[in-house]
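*Asks:* So that we are looking at the same thing, I have put the structure below in structure tokens.
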Amino acid sequence: MKEIVIPKEEAVFWLDRQGYWRNRHGRFERPRIIAKFHGAIGRDEEGYYLSQVNGEVLEKVYFPYEDTALFVFDVIIGARESTLVLNTGHQIPLVPDRLYIQDDALYIESAGERIRFAERALLKLSPLLEDQGASCAIRVAGHRLVIPEKTKPERKQDENETIPKIP
């Protein structure tokens, strides 16, 4: 199968820090297009990309993102365990000791991936969260765990975080 690859420097869209797709005209508004984009996210050694098969051609577009390409969009709370639904449609278990807070956002680490909780998912998770003033905790299956806060290390901006300049 022939493959067409568009590098992220030539992509005309990006994913913002809240998990919204954008282009130079603003935020995407059509739910079916948004869902199609999220469901088409893949990753390889070059980074995150969207792909589709068009006839006999695999089209692959690497895209920039402001924070991370993966987001928790929904939380399915169970009596003994809970499940996180990602923007890609994949589901992962909620593992409380993999949660952390950074820059006032909640993240989970899974399979080496940094995944940010979108606002909608935070609302669903809120019954399990406890505000401790200077810290936050989560209560799952009768256990309470303080969610650690990580400081962002000082570093140069990752090339994946570069958002296209709008003329």
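By convention in this document, the chains of the structure tokens carry letters A, B, ... by their order, each chain's residues are numbered from 1, and ligands are numbered from 1 in the order they are shown.
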Considering only C-alpha atoms, give me a table of residues in range 3-22 of chain A that are at most 8 Å from range 64-73 of chain A, with the closest atom pair and distance in Å for each, as JSON lines.
*Replies:*
```
{"residue": "A:Lys8", "atom": "CA", "partner": "A:Pro64", "partner_atom": "CA", "distance": 5.8}
{"residue": "A:Glu9", "atom": "CA", "partner": "A:Pro64", "partner_atom": "CA", "distance": 7.8}
{"residue": "A:Ala11", "atom": "CA", "partner": "A:Pro64", "partner_atom": "CA", "distance": 7.7}
{"residue": "A:Phe13", "atom": "CA", "partner": "A:Pro64", "partner_atom": "CA", "distance": 7.7}
{"residue": "A:Trp14", "atom": "CA", "partner": "A:Pro64", "partner_atom": "CA", "distance": 5.2}
{"residue": "A:Leu15", "atom": "CA", "partner": "A:Tyr65", "partner_atom": "CA", "distance": 4.6}
{"residue": "A:Asp16", "atom": "CA", "partner": "A:Glu66", "partner_atom": "CA", "distance": 5.1}
{"residue": "A:Arg17", "atom": "CA", "partner": "A:Asp67", "partner_atom": "CA", "distance": 5.0}
{"residue": "A:Gly19", "atom": "CA", "partner": "A:Phe71", "partner_atom": "CA", "distance": 6.5}
```
*Asks:* Within 12 Å of range 111-116 of chain A, counting only C-alpha atoms, which residues show up once you throw out same-chain ones fewer than 4 positions away? Write them as a ChimeraX atom specification, please.
*Replies:* /A:16-19,43,47-48,66-74,84-88,92-95,98-107,120-122
*Asks:* So which one's closest to Val146 in chain A, A:Ser126, A:Gly26, A:Pro96, A:Glu109? Using only C-alpha atoms, please.
*Replies:* A:Pro96
*Asks:* Within 8 Å of range 32-42 of chain A, counting only C-alpha atoms, which residues qualify if same-chain residues fewer than 3 places away don't, as a list in words?
*Replies:*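 Near range 32-42 of chain A, the qualifying residues are Trp21, Phe28, Glu29, Tyr48, Tyr49, Leu50, Ser51, Gln52, Asn87, Thr88 and Gly89 of chain A.
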*Asks:* Quick check for you: according to DSSP on this backbone, which residues of range 17-150 of chain A are classed as strand (DSSP E)? Reply as a ChimeraX atom specification.
*Replies:* /A:21-23,26-27,41-44,47-54,57-62,70-76,83-86,91-93,99-102,105-110,113-117,129-131,136-140,143-147
*Asks:* I'd like to know which residues of range 48-154 of chain A are helix (DSSP H, G or I) (by DSSP, run on the backbone); could you write them as JSON, numbers by chain?
*Replies:* {"A": [96, 97, 98, 119, 120, 121, 122, 123, 124, 125, 126, 127, 128]}
*Asks:* Applying 6 Å and only C-alpha atoms, which residues near range 53-58 of chain A remain after dropping the ones on its own chain fewer than 3 positions away? List them as JSON, numbers by chain.
*Replies:* {"A": [1, 2, 3]}
*Asks:* Which distance in Å separates CA of Ile77 in chain A and CA of Phe117 in chain A, to one decimal?
*Replies:*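 Calculated distance between CA of Ile77 in chain A and CA of Phe117 in chain A is 14.7 Å.
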